[in-house]
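Source file entry_22.cif; content: mmCIF, C-alpha atoms and all ligand atoms.
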```
data_final
loop_
_atom_site.label_atom_id
_atom_site.label_comp_id
_atom_site.auth_asym_id
_atom_site.auth_seq_id
_atom_site.Cartn_x
_atom_site.Cartn_y
_atom_site.Cartn_z
CA MET A 1 161.54 70.18 96.61
CA ALA A 2 161.19 71.52 100.20
CA ASP A 3 158.89 74.55 100.72
CA THR A 4 161.91 76.57 101.75
CA ASP A 5 163.88 75.81 98.52
CA ALA A 6 161.11 77.01 96.21
CA VAL A 7 160.35 80.50 94.96
CA TRP A 8 156.59 80.67 95.47
CA GLY A 9 154.22 82.47 93.11
CA CYS A 10 152.62 84.05 96.16
CA ILE A 11 152.84 83.68 99.92
CA VAL A 12 149.88 84.73 102.09
CA VAL A 13 150.73 85.37 105.76
CA GLY A 14 147.84 84.78 108.20
CA GLY A 15 145.47 81.81 108.17
CA GLY A 16 142.34 83.63 109.44
CA VAL A 17 139.33 84.17 107.23
CA MET A 18 140.99 86.91 105.15
CA GLY A 19 144.19 85.00 104.40
CA SER A 20 142.26 81.81 103.67
CA ALA A 21 139.89 83.59 101.26
CA THR A 22 142.80 85.31 99.50
CA ALA A 23 144.84 82.13 99.21
CA LEU A 24 141.88 80.32 97.66
CA GLN A 25 141.43 83.06 95.04
CA LEU A 26 145.11 82.84 94.11
CA ALA A 27 145.06 79.05 93.86
CA GLU A 28 141.91 79.19 91.71
CA ARG A 29 143.83 81.41 89.29
CA GLY A 30 146.61 78.83 89.09
CA VAL A 31 149.14 80.76 91.22
CA ARG A 32 151.46 78.49 93.23
CA THR A 33 150.46 79.68 96.70
CA LEU A 34 151.68 79.04 100.24
CA LEU A 35 149.57 80.06 103.27
CA LEU A 36 151.61 80.58 106.45
CA GLU A 37 150.06 80.69 109.92
CA GLN A 38 151.93 81.26 113.18
CA PHE A 39 149.66 79.04 115.33
CA ILE A 40 148.55 75.45 114.83
CA LEU A 41 145.20 75.55 112.97
CA PRO A 42 142.45 75.89 113.99
CA HIS A 43 143.26 78.29 116.84
CA THR A 44 141.35 80.70 119.09
CA ARG A 45 143.86 83.54 119.35
CA GLY A 46 142.81 85.77 116.46
CA SER A 47 139.68 87.57 115.23
CA SER A 48 138.02 84.76 113.26
CA VAL A 49 137.33 82.57 116.30
CA GLY A 50 133.99 80.94 117.02
CA GLY A 51 131.13 79.46 115.08
CA THR A 52 128.84 82.42 114.32
CA ARG A 53 129.13 85.73 112.47
CA VAL A 54 126.42 88.12 111.33
CA ILE A 55 125.80 89.15 107.71
CA ARG A 56 123.97 92.44 107.21
CA ARG A 57 123.78 95.27 104.72
CA ALA A 58 122.43 97.93 107.07
CA TYR A 59 125.45 100.26 106.94
CA ARG A 60 125.48 103.99 107.55
CA GLU A 61 125.56 105.98 104.31
CA GLN A 62 129.30 106.81 104.71
CA LEU A 63 129.97 103.08 104.15
CA ALA A 64 127.01 102.47 101.80
CA TYR A 65 129.30 100.81 99.20
CA MET A 66 129.72 97.95 101.72
CA ALA A 67 126.15 96.82 100.94
CA ASP A 68 127.28 95.81 97.41
CA ILE A 69 130.41 94.16 98.73
CA VAL A 70 128.39 92.12 101.22
CA THR A 71 125.92 91.11 98.47
CA GLY A 72 128.86 89.98 96.30
CA SER A 73 130.38 88.08 99.22
CA LEU A 74 127.11 86.40 100.09
CA SER A 75 126.87 84.93 96.62
CA MET A 76 130.51 83.76 96.88
CA TRP A 77 129.76 82.13 100.26
CA LYS A 78 126.87 80.33 98.55
CA GLN A 79 129.22 79.14 95.79
CA LEU A 80 131.49 77.74 98.52
CA GLU A 81 128.47 75.93 99.99
CA ASP A 82 127.78 74.41 96.54
CA LYS A 83 131.41 73.35 96.07
CA THR A 84 131.74 71.71 99.48
CA GLY A 85 128.19 70.58 100.24
CA VAL A 86 128.53 72.24 103.67
CA LYS A 87 125.69 74.49 104.84
CA LEU A 88 127.27 77.80 105.85
CA ILE A 89 124.54 80.45 105.62
CA VAL A 90 121.53 80.61 107.92
CA PRO A 91 118.95 83.32 107.00
CA LYS A 92 118.18 85.60 109.96
CA PRO A 93 116.82 89.19 109.93
CA PHE A 94 119.22 91.84 111.24
CA VAL A 95 117.67 94.44 113.55
CA VAL A 96 119.17 97.78 114.59
CA VAL A 97 117.58 99.57 117.56
CA ALA A 98 118.21 103.04 118.95
CA ASP A 99 116.67 105.65 121.14
CA ARG A 100 119.27 108.44 121.36
CA THR A 101 121.06 107.82 118.03
CA VAL A 102 118.07 107.50 115.71
CA GLU A 103 119.77 109.38 112.87
CA GLY A 104 122.17 106.43 112.48
CA VAL A 105 119.22 104.05 112.10
CA ARG A 106 117.65 106.30 109.47
CA SER A 107 120.95 106.50 107.63
CA LYS A 108 121.15 102.68 107.54
CA ALA A 109 117.57 102.55 106.25
CA ARG A 110 118.52 104.94 103.42
CA THR A 111 121.44 102.67 102.49
CA LEU A 112 119.09 99.70 102.19
CA GLN A 113 116.58 101.74 100.25
CA THR A 114 119.19 102.97 97.76
CA ALA A 115 120.46 99.42 97.31
CA GLY A 116 116.88 98.23 96.64
CA LEU A 117 117.00 95.87 99.63
CA PRO A 118 113.87 95.10 101.70
CA TYR A 119 113.63 96.69 105.14
CA ARG A 120 111.05 98.08 107.54
CA LEU A 121 111.01 100.45 110.49
CA ALA A 122 109.31 99.25 113.68
CA GLY A 123 108.90 100.74 117.16
CA GLY A 124 109.39 98.83 120.43
CA SER A 125 105.98 97.12 120.47
CA ALA A 126 106.02 96.17 116.77
CA LEU A 127 109.48 94.68 117.29
CA ARG A 128 108.16 92.57 120.14
CA ALA A 129 105.31 91.31 117.95
CA ASP A 130 107.83 90.13 115.34
CA PHE A 131 110.52 88.94 117.76
CA PRO A 132 108.86 87.89 121.04
CA ALA A 133 112.22 87.57 122.83
CA LEU A 134 112.89 91.36 122.62
CA ARG A 135 111.67 94.07 125.04
CA TYR A 136 112.37 97.64 123.98
CA PRO A 137 110.38 100.69 125.09
CA VAL A 138 107.75 101.98 122.68
CA GLY A 139 109.89 105.06 121.93
CA PHE A 140 112.74 102.98 120.50
CA THR A 141 113.20 102.92 116.74
CA GLY A 142 114.00 99.60 115.14
CA LEU A 143 115.18 98.90 111.59
CA VAL A 144 114.71 95.38 110.25
CA ASP A 145 117.13 94.37 107.45
CA GLU A 146 115.03 91.50 106.12
CA LEU A 147 117.81 89.75 104.19
CA GLY A 148 120.24 89.50 107.11
CA ALA A 149 121.87 86.14 107.78
CA GLN A 150 124.35 84.28 109.93
CA ILE A 151 127.39 82.38 108.77
CA ARG A 152 128.91 79.30 110.39
CA ALA A 153 132.30 80.97 110.80
CA ASP A 154 134.53 78.07 111.85
CA LYS A 155 133.08 75.81 109.15
CA ALA A 156 133.47 78.57 106.54
CA ILE A 157 137.21 78.92 107.23
CA LYS A 158 137.66 75.15 107.14
CA CYS A 159 135.89 75.03 103.75
CA LEU A 160 138.04 77.85 102.34
CA GLN A 161 141.21 76.04 103.45
CA GLU A 162 140.03 72.63 102.20
CA VAL A 163 139.17 73.92 98.72
CA PHE A 164 142.48 75.85 98.69
CA SER A 165 144.35 72.58 99.37
CA GLN A 166 142.29 70.75 96.72
CA LYS A 167 143.34 73.41 94.19
CA GLY A 168 147.00 72.67 94.95
CA GLY A 169 147.60 75.32 97.62
CA VAL A 170 149.93 74.51 100.52
CA ILE A 171 149.24 75.41 104.17
CA ARG A 172 152.00 75.48 106.77
CA ASP A 173 150.87 76.23 110.32
CA GLY A 174 153.06 76.78 113.38
CA VAL A 175 155.26 79.04 111.20
CA LYS A 176 155.69 82.62 112.41
CA VAL A 177 157.00 85.17 109.91
CA GLU A 178 159.69 87.16 111.72
CA THR A 179 161.23 89.41 109.09
CA ILE A 180 160.39 90.40 105.51
CA THR A 181 163.04 91.55 103.04
CA PRO A 182 161.35 93.15 100.00
CA GLY A 183 162.69 92.74 96.43
CA ASP A 184 161.70 91.17 93.11
CA VAL A 185 162.02 87.98 95.10
CA ILE A 186 160.83 88.66 98.65
CA THR A 187 162.53 86.76 101.48
CA LEU A 188 160.64 85.79 104.62
CA ARG A 189 162.60 84.66 107.66
CA THR A 190 160.36 82.55 109.86
CA SER A 191 160.45 80.44 113.01
CA ARG A 192 160.85 77.44 110.66
CA GLY A 193 163.33 78.52 107.98
CA THR A 194 163.44 80.99 105.13
CA TYR A 195 160.85 81.25 102.35
CA CYS A 196 161.08 83.10 99.03
CA THR A 197 158.25 84.44 96.92
CA ARG A 198 157.57 86.74 93.97
CA ARG A 199 154.45 88.21 95.58
CA LEU A 200 153.30 88.61 99.16
CA VAL A 201 149.90 89.22 100.80
CA LEU A 202 149.81 90.15 104.50
CA THR A 203 146.54 89.43 106.32
CA CYS A 204 147.85 89.32 109.88
CA GLY A 205 144.76 90.46 111.79
CA SER A 206 145.66 92.02 115.15
CA TRP A 207 149.37 91.38 114.53
CA ALA A 208 149.32 93.55 111.38
CA GLY A 209 150.77 96.56 113.23
CA ASP A 210 153.92 94.61 114.15
CA VAL A 211 154.32 92.89 110.78
CA LEU A 212 153.74 96.04 108.70
CA ALA A 213 156.08 98.11 110.91
CA GLY A 214 158.82 95.70 109.80
CA ILE A 215 158.40 96.96 106.21
CA GLY A 216 158.07 100.62 107.18
CA LEU A 217 154.27 100.96 107.30
CA HIS A 218 152.32 102.24 110.28
CA PRO A 219 148.56 102.07 109.75
CA PRO A 220 146.55 103.60 112.62
CA LEU A 221 145.26 100.35 114.15
CA GLN A 222 143.75 99.80 117.57
CA VAL A 223 143.59 96.23 118.88
CA MET A 224 140.58 95.84 121.17
CA PRO A 225 140.04 92.56 123.07
CA ILE A 226 136.39 91.70 123.53
CA ASN A 227 134.49 89.33 125.83
CA LEU A 228 131.72 87.27 124.29
CA LEU A 229 129.08 85.97 126.69
CA TYR A 230 126.74 83.09 125.91
CA MET A 231 123.42 83.40 127.78
CA ARG A 232 121.10 80.44 128.00
CA LYS A 233 117.33 80.64 127.63
CA SER A 234 115.67 80.38 131.08
CA GLN A 235 114.00 77.07 131.79
CA GLY A 236 110.37 77.10 130.68
CA ALA A 237 110.62 80.48 128.89
CA PRO A 238 107.91 80.49 126.21
CA ILE A 239 110.13 81.44 123.26
CA SER A 240 112.18 79.71 120.59
CA VAL A 241 115.69 81.16 120.38
CA ARG A 242 115.99 80.29 116.68
CA GLU A 243 112.58 81.69 115.70
CA ASP A 244 112.06 84.58 118.10
CA PHE A 245 115.48 86.20 118.33
CA PRO A 246 116.99 88.17 115.42
CA CYS A 247 120.58 89.30 114.98
CA LEU A 248 120.45 92.57 116.88
CA PHE A 249 122.60 95.65 117.22
CA ASP A 250 121.89 98.49 119.65
CA ASP A 251 123.25 101.69 118.12
CA ASP A 252 123.05 103.57 121.46
CA SER A 253 125.13 101.19 123.57
CA GLU A 254 126.97 99.30 120.77
CA VAL A 255 125.77 95.97 122.16
CA GLY A 256 125.32 93.14 119.66
CA ALA A 257 123.36 89.93 120.33
CA PHE A 258 122.29 87.00 118.19
CA PRO A 259 121.37 83.32 118.44
CA SER A 260 124.48 81.21 118.83
CA LEU A 261 125.05 78.53 116.20
CA GLU A 262 127.53 76.85 118.58
CA HIS A 263 125.48 76.22 121.72
CA PRO A 264 121.77 75.32 121.47
CA ASP A 265 119.23 77.62 123.11
CA THR A 266 121.75 80.37 123.79
CA ILE A 267 122.37 83.87 122.52
CA LYS A 268 125.79 85.39 122.14
CA ILE A 269 126.13 88.95 123.45
CA SER A 270 129.09 91.35 123.39
CA PHE A 271 130.05 94.91 122.70
CA SER A 272 130.09 95.20 118.94
CA GLN A 273 132.37 97.29 116.86
CA GLN A 274 130.89 98.82 113.76
CA GLY A 275 132.95 101.94 113.44
CA GLY A 276 135.79 103.73 115.10
CA THR A 277 134.49 103.76 118.70
CA ASP A 278 137.18 103.88 121.32
CA ARG A 279 136.05 101.93 124.40
CA GLY A 280 139.47 102.45 125.95
CA HIS A 281 140.43 98.76 126.08
CA THR A 282 143.46 98.14 123.96
CA ALA A 283 146.07 95.39 124.11
CA HIS A 284 148.91 93.78 122.24
CA PRO A 285 147.50 90.53 120.75
CA ASP A 286 150.22 88.45 122.48
CA ARG A 287 149.22 89.88 125.87
CA ARG A 288 145.49 89.82 125.23
CA ASP A 289 144.55 88.06 128.46
CA ALA A 290 146.88 89.97 130.80
CA ASP A 291 144.72 93.02 131.50
CA MET A 292 141.34 91.47 130.91
CA ALA A 293 140.12 90.81 134.45
CA ALA A 294 138.87 94.33 135.15
CA GLN A 295 137.37 94.61 131.69
CA LEU A 296 135.65 91.24 131.98
CA ALA A 297 133.99 92.27 135.24
CA ALA A 298 132.86 95.65 133.87
CA ASP A 299 131.60 94.18 130.57
CA GLN A 300 129.78 91.37 132.31
CA ALA A 301 128.02 93.74 134.70
CA PHE A 302 126.82 95.93 131.81
CA LEU A 303 125.79 93.04 129.55
CA ARG A 304 123.99 91.15 132.33
CA ASP A 305 122.01 94.26 133.13
CA TYR A 306 121.24 94.64 129.40
CA VAL A 307 119.96 91.05 129.22
CA THR A 308 117.73 91.57 132.26
CA LYS A 309 116.23 94.72 130.72
CA HIS A 310 115.80 93.71 127.10
CA PHE A 311 115.89 89.87 126.93
CA PRO A 312 114.10 88.76 130.12
CA ASP A 313 113.60 85.19 128.84
CA PHE A 314 117.34 84.55 129.27
CA GLU A 315 119.46 83.76 132.31
CA ASN A 316 121.64 86.74 133.11
CA GLN A 317 124.71 84.67 134.06
CA PRO A 318 126.85 83.56 131.12
CA CYS A 319 127.20 79.80 130.59
CA VAL A 320 130.32 80.28 128.42
CA VAL A 321 132.71 83.23 128.00
CA GLU A 322 135.08 83.56 125.01
CA ARG A 323 137.56 86.19 123.90
CA CYS A 324 138.21 87.70 120.51
CA MET A 325 139.98 90.78 119.14
CA TYR A 326 138.83 93.63 116.95
CA THR A 327 141.44 95.43 114.88
CA ASN A 328 139.94 98.87 114.42
CA THR A 329 140.75 101.81 112.19
CA PRO A 330 139.74 105.38 113.16
CA ASP A 331 136.91 105.43 110.58
CA GLY A 332 135.83 101.81 111.11
CA ASN A 333 136.64 100.95 107.50
CA PHE A 334 139.02 98.31 106.10
CA ILE A 335 142.52 98.97 104.79
CA LEU A 336 143.36 97.17 101.53
CA ASP A 337 146.45 98.52 99.85
CA ARG A 338 149.85 97.83 98.37
CA HIS A 339 153.24 98.84 99.71
CA PRO A 340 154.05 102.27 98.22
CA ALA A 341 157.65 101.25 97.37
CA HIS A 342 157.17 97.50 96.71
CA SER A 343 154.21 96.85 94.44
CA ASN A 344 154.48 93.06 94.85
CA ILE A 345 153.45 93.37 98.54
CA VAL A 346 149.79 93.98 99.38
CA PHE A 347 148.02 93.95 102.73
CA GLY A 348 144.54 93.80 104.23
CA THR A 349 143.86 94.88 107.81
CA GLY A 350 141.64 96.98 110.11
CA PHE A 351 138.52 94.89 109.53
CA SER A 352 136.95 96.64 112.54
CA GLY A 353 134.32 94.13 113.61
CA HIS A 354 132.57 93.66 110.26
CA GLY A 355 135.11 91.86 108.10
CA PHE A 356 134.01 88.25 108.20
CA MET A 357 130.95 88.53 106.00
CA ALA A 358 132.98 90.42 103.35
CA ALA A 359 135.94 88.01 103.31
CA PRO A 360 135.29 86.43 99.88
CA VAL A 361 135.30 89.83 98.16
CA VAL A 362 138.28 91.01 100.28
CA GLY A 363 140.14 87.85 99.16
CA GLN A 364 139.22 88.54 95.54
CA LEU A 365 140.40 92.17 95.77
CA LEU A 366 143.71 91.35 97.50
CA CYS A 367 144.34 88.63 94.91
CA GLN A 368 143.58 91.02 92.02
CA MET A 369 145.78 93.71 93.58
CA VAL A 370 148.80 91.46 94.07
CA LEU A 371 148.44 90.05 90.54
CA ASP A 372 148.09 93.59 89.13
CA LEU A 373 144.66 92.87 87.67
CA PRO A 374 141.73 95.31 87.48
CA THR A 375 139.73 95.10 90.72
CA SER A 376 136.07 93.99 90.80
CA TYR A 377 135.17 96.86 93.18
CA ASP A 378 136.57 100.35 93.69
CA VAL A 379 139.36 100.01 96.25
CA THR A 380 140.04 103.74 96.79
CA PRO A 381 137.86 103.92 99.95
CA PHE A 382 140.17 101.30 101.49
CA SER A 383 143.49 102.99 100.78
CA LEU A 384 145.98 103.58 103.59
CA SER A 385 146.59 107.11 102.26
CA ARG A 386 143.22 108.29 103.66
CA PHE A 387 145.05 108.52 106.99
CA PRO A 388 147.94 110.93 107.69
CA ARG A 389 151.15 109.28 106.49
CA LYS A 390 153.75 107.99 108.94
CA THR A 391 156.44 105.78 107.40
CA SER A 392 159.86 104.86 108.70
CA SER A 393 163.04 104.78 106.63
CA LEU A 394 162.58 101.29 105.09
C1 LIG B 401 133.77 89.53 118.87
C2 LIG B 401 133.79 89.71 117.38
C3 LIG B 401 132.59 89.66 116.68
C4 LIG B 401 132.58 89.86 115.31
N1 LIG B 401 131.41 89.79 114.65
C5 LIG B 401 131.39 89.91 113.30
C6 LIG B 401 130.19 89.73 112.59
O1 LIG B 401 129.14 89.44 113.17
N2 LIG B 401 130.23 89.84 111.24
C7 LIG B 401 131.37 90.12 110.56
O2 LIG B 401 131.34 90.20 109.35
N3 LIG B 401 132.54 90.29 111.22
C8 LIG B 401 132.58 90.18 112.57
N4 LIG B 401 133.75 90.33 113.25
C9 LIG B 401 134.96 90.70 112.52
C10 LIG B 401 135.62 89.54 111.84
O3 LIG B 401 135.55 88.38 112.65
C11 LIG B 401 137.07 89.93 111.55
O4 LIG B 401 137.04 91.10 110.76
C12 LIG B 401 137.80 88.84 110.78
O5 LIG B 401 137.72 87.61 111.45
C13 LIG B 401 139.27 89.26 110.61
O6 LIG B 401 139.95 88.18 110.01
P1 LIG B 401 141.53 88.26 109.78
O7 LIG B 401 141.85 87.11 108.89
O8 LIG B 401 141.90 89.63 109.35
O9 LIG B 401 142.15 88.08 111.24
P2 LIG B 401 142.51 86.76 112.06
O10 LIG B 401 141.40 85.80 112.03
O11 LIG B 401 143.01 87.18 113.38
O12 LIG B 401 143.68 86.12 111.22
C14 LIG B 401 144.98 86.68 111.19
C15 LIG B 401 145.94 85.53 111.28
O13 LIG B 401 147.27 85.96 111.01
C16 LIG B 401 148.13 85.18 111.80
N5 LIG B 401 149.41 85.87 111.90
C17 LIG B 401 149.62 87.11 112.39
N6 LIG B 401 150.92 87.43 112.36
C18 LIG B 401 151.57 86.36 111.81
C19 LIG B 401 152.93 86.10 111.52
N7 LIG B 401 153.89 86.99 111.80
N8 LIG B 401 153.24 84.90 110.95
C20 LIG B 401 152.26 83.99 110.67
N9 LIG B 401 150.96 84.20 110.96
C21 LIG B 401 150.60 85.37 111.51
C22 LIG B 401 147.38 85.12 113.13
O14 LIG B 401 147.86 84.09 113.96
C23 LIG B 401 145.96 84.91 112.67
O15 LIG B 401 145.61 83.54 112.59
C24 LIG B 401 133.79 90.12 114.62
C25 LIG B 401 134.99 90.15 115.33
C26 LIG B 401 135.00 89.94 116.68
C27 LIG B 401 136.30 90.00 117.42
#
```

Could you write out this structure as structure tokens?
Amino acid sequence: MADTDAVWGCIVVGGGVMGSATALQLAERGVRTLLLEQFILPHTRGSSVGGTRVIRRAYREQLAYMADIVTGSLSMWKQLEDKTGVKLIVPKPFVVVADRTVEGVRSKARTLQTAGLPYRLAGGSALRADFPALRYPVGFTGLVDELGAQIRADKAIKCLQEVFSQKGGVIRDGVKVETITPGDVITLRTSRGTYCTRRLVLTCGSWAGDVLAGIGLHPPLQVMPINLLYMRKSQGAPISVREDFPCLFDDDSEVGAFPSLEHPDTIKISFSQQGGTDRGHTAHPDRRDADMAAQLAADQAFLRDYVTKHFPDFENQPCVVERCMYTNTPDGNFILDRHPAHSNIVFGTGFSGHGFMAAPVVGQLLCQMVLDLPTSYDVTPFSLSRFPRKTSSL
């Protein structure tokens, strides 16, 4: 039978990390599942691009419950490593530094303390002793989240999709969902024919605003394109990038930097997004590159200056530049919810720069929600109704 003649148990729209993790959970529960992706996989147009993401539990207390979710996800990532024999997790301490915004660092320390996770506070010179590649003034406060890690992002998505296929799941890429007609059997009109399904999960990343508007939902999302610069270690510099550079986030300037797992002897540096900040750069995901020239120049100037000041063992000209998109919510927290009028449609969006590490648990929750099962974690903090409601007539 052709895909388009079947009524699927569940269709997941969006083949990024969230859709792939959700589809795998559904297939593992024996649900006949189809994963639809608009671009040919793998692609570099969404938010899951690249080979490195950071895993950390140093969250401000408002999002303290994320520490548990990340711990749960980390053990699921390790199960995926066991299933596939592919090494995905690389241990690496996560360091937060601040001068002006020290209360945020203290709040993150309290989250780790409450969760019983090891951490320490260190000033600029103590940080340098532990991580010789860093230079921060003595007055800076640093928080070291000892159990931080990195994940091989591109490999992780490939593993999720491979195990999904092994469990009987079907992936169709190059298929863009154009319209959704809700009902007991939901109809999806796509660029490649019409598909029918009893349940639907929408994990459309930066395109979520468009897709959800088509079924009358208008979450407050801001799509923010971001430039990622790879900076190479200077020739002869007496440091080891792998040993002497942590995953680092500067709470004052919202700069994030960490060793790249893609390119040897380089760090990856960008503006990071950990919560609701509006840097004023927004775009439609289909026109991401159109207005980027001015932003690229401004970002590069700031980040190069940052490298000169704080990481003097690195060249301050990027050897590679990539682009990626954050999909932010006003409070920097995820949205995981079901359609208020159509309970067989659920959606996950607004992952605001910290979604990747949590994807296995997000996939589990979206799967449980669409199958009407009790959820493994409290999903009320993720509900769309925490924002003022704005729905159209659909
Ligand atoms: C620069 C940067 C750094 C980050 N760093 C970290 C980090 O260190 N740690 C961390 O945990 N997180 C990090 N994140 C966040 C994390 O990468 C994202 O939260 C996560 O990748 C979001 O995945 P997604 O599946 O929601 O989106 P995507 O990966 O964009 O996937 C959505 C998919 O849906 C598809 N789609 C959309 N509309 C349709 C349609 N109509 N029909 C068919 N397909 C459709 C898209 O093509 C896309 O492939 C970072 C993000 C960025 C941008």

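Interatomic distance, atom CA of Ile69 of chain A to atom N8 of ligand LIG 401 (chain B): 27.5 Å.
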
(message) Given the point (159.2, 73.0, 99.8) in the file's coordinates, find the residues that have an atom at most 12 Å from it, counting all atoms listed in the file, and give them as a ChimeraX atom specification.
(response) /A:1-8,32-34,170-172,192-197

(request) Tell me which protein, DNA and RNA residues are within 7 Å of Lys92 of chain A, counting only C-alpha atoms, leaving out same-chain ones fewer than 3 positions away, and put them as a ChimeraX atom specification. (result) /A:148-150,246-247

Would you export the selected residues with C-alpha atoms as an mmCIF file, in the frame of the given file, please?
```
data_model
loop_
_atom_site.group_PDB
_atom_site.id
_atom_site.type_symbol
_atom_site.label_atom_id
_atom_site.label_comp_id
_atom_site.auth_asym_id
_atom_site.auth_seq_id
_atom_site.Cartn_x
_atom_site.Cartn_y
_atom_site.Cartn_z
ATOM 1 C CA GLY A 148 120.240 89.500 107.110
ATOM 2 C CA ALA A 149 121.870 86.140 107.780
ATOM 3 C CA GLN A 150 124.350 84.280 109.930
ATOM 4 C CA PRO A 246 116.990 88.170 115.420
ATOM 5 C CA CYS A 247 120.580 89.300 114.980
#
```

(message) Give me, as a count of residues only, all polymer residues having an atom no more than 9 Å from segment 207-219 of chain A, counting only C-alpha atoms and skipping those fewer than 3 positions away in the same chain.
(response) 31

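Nearest residue to Thr380 of chain A among A:Arg304, A:Arg288, A:His354, A:Arg338 is A:Arg338, counting all atoms listed in the file.
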
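For the choices A:Lys233, A:Arg120, A:Arg29, A:Arg189, the atom-to-atom distance to ligand LIG 401 (chain B) is smallest for A:Arg189 when using only C-alpha atoms and all ligand atoms.
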
(message) Nearest residue to Leu228 of chain A out of A:Ala64, A:Met325, A:Ile55, A:Val144, using all atoms listed in the file?
(response) A:Met325

(request) Write out as number ranges by chain each polymer residue whose atoms come within 12 Å of Gln79 of chain A, counting all atoms listed in the file; drop sequence neighbours fewer than 2 positions from it. (result) A: 72-77, 81-89, 156, 159-160, 163, 360

(message) Residues near Arg242 of chain A, anyone? I mean within 12 Å using all atoms listed in the file, not counting same-chain ones fewer than 5 positions away, as a VMD selection string.
(response) chain A and resid 90 to 93 131 to 133 150 233 247 258 to 261 263 to 267

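For the pair atom C4 of ligand LIG 401 (chain B) and atom CA of Cys324 of chain A, the separation is 8.0 Å.
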
(message) I need the residue nearest Val96 of chain A from this list: A:Ala294, A:Val361, A:Leu41, A:Leu127. Use only C-alpha atoms for the distance.
(response) A:Leu127

(request) Mind checking which residues fall within 9 Å of Gln295 of chain A, counting only C-alpha atoms, ignoring those fewer than 4 positions away in the same chain, and posting them as number ranges by chain? (result) A: 226-227, 281, 291, 299-300

Is there a way to complete segment 346-350 of chain A with all heavy atoms and then write that out as a PDB file, in the frame of the given file?
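Result saved to out.pdb:
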```pdb
ATOM      1  N   VAL A 346     151.066  93.342  99.043  1.00  0.00           N
ATOM      2  CA  VAL A 346     149.790  93.980  99.380  1.00  0.00           C
ATOM      3  C   VAL A 346     149.348  93.525 100.771  1.00  0.00           C
ATOM      4  O   VAL A 346     149.841  92.513 101.280  1.00  0.00           O
ATOM      5  CB  VAL A 346     148.675  93.718  98.329  1.00  0.00           C
ATOM      6  CG1 VAL A 346     149.111  94.030  96.919  1.00  0.00           C
ATOM      7  CG2 VAL A 346     148.146  92.315  98.419  1.00  0.00           C
ATOM      8  N   PHE A 347     148.447  94.287 101.364  1.00  0.00           N
ATOM      9  CA  PHE A 347     148.020  93.950 102.730  1.00  0.00           C
ATOM     10  C   PHE A 347     146.551  94.315 102.949  1.00  0.00           C
ATOM     11  O   PHE A 347     146.015  95.221 102.313  1.00  0.00           O
ATOM     12  CB  PHE A 347     148.914  94.640 103.782  1.00  0.00           C
ATOM     13  CG  PHE A 347     149.084  96.114 103.552  1.00  0.00           C
ATOM     14  CD1 PHE A 347     148.251  97.031 104.171  1.00  0.00           C
ATOM     15  CD2 PHE A 347     150.088  96.589 102.709  1.00  0.00           C
ATOM     16  CE1 PHE A 347     148.401  98.400 103.960  1.00  0.00           C
ATOM     17  CE2 PHE A 347     150.242  97.959 102.479  1.00  0.00           C
ATOM     18  CZ  PHE A 347     149.403  98.853 103.099  1.00  0.00           C
ATOM     19  N   GLY A 348     145.927  93.545 103.842  1.00  0.00           N
ATOM     20  CA  GLY A 348     144.540  93.800 104.230  1.00  0.00           C
ATOM     21  C   GLY A 348     144.473  93.769 105.746  1.00  0.00           C
ATOM     22  O   GLY A 348     144.918  92.808 106.376  1.00  0.00           O
ATOM     23  N   THR A 349     143.937  94.828 106.333  1.00  0.00           N
ATOM     24  CA  THR A 349     143.860  94.880 107.810  1.00  0.00           C
ATOM     25  C   THR A 349     142.752  95.848 108.242  1.00  0.00           C
ATOM     26  O   THR A 349     142.041  96.406 107.413  1.00  0.00           O
ATOM     27  CB  THR A 349     145.234  95.285 108.400  1.00  0.00           C
ATOM     28  OG1 THR A 349     145.147  95.222 109.823  1.00  0.00           O
ATOM     29  CG2 THR A 349     145.652  96.693 107.996  1.00  0.00           C
ATOM     30  N   GLY A 350     142.598  96.004 109.571  1.00  0.00           N
ATOM     31  CA  GLY A 350     141.640  96.980 110.110  1.00  0.00           C
ATOM     32  C   GLY A 350     140.197  96.598 109.806  1.00  0.00           C
ATOM     33  O   GLY A 350     139.377  97.463 109.499  1.00  0.00           O
TER      34      GLY A 350
END
```
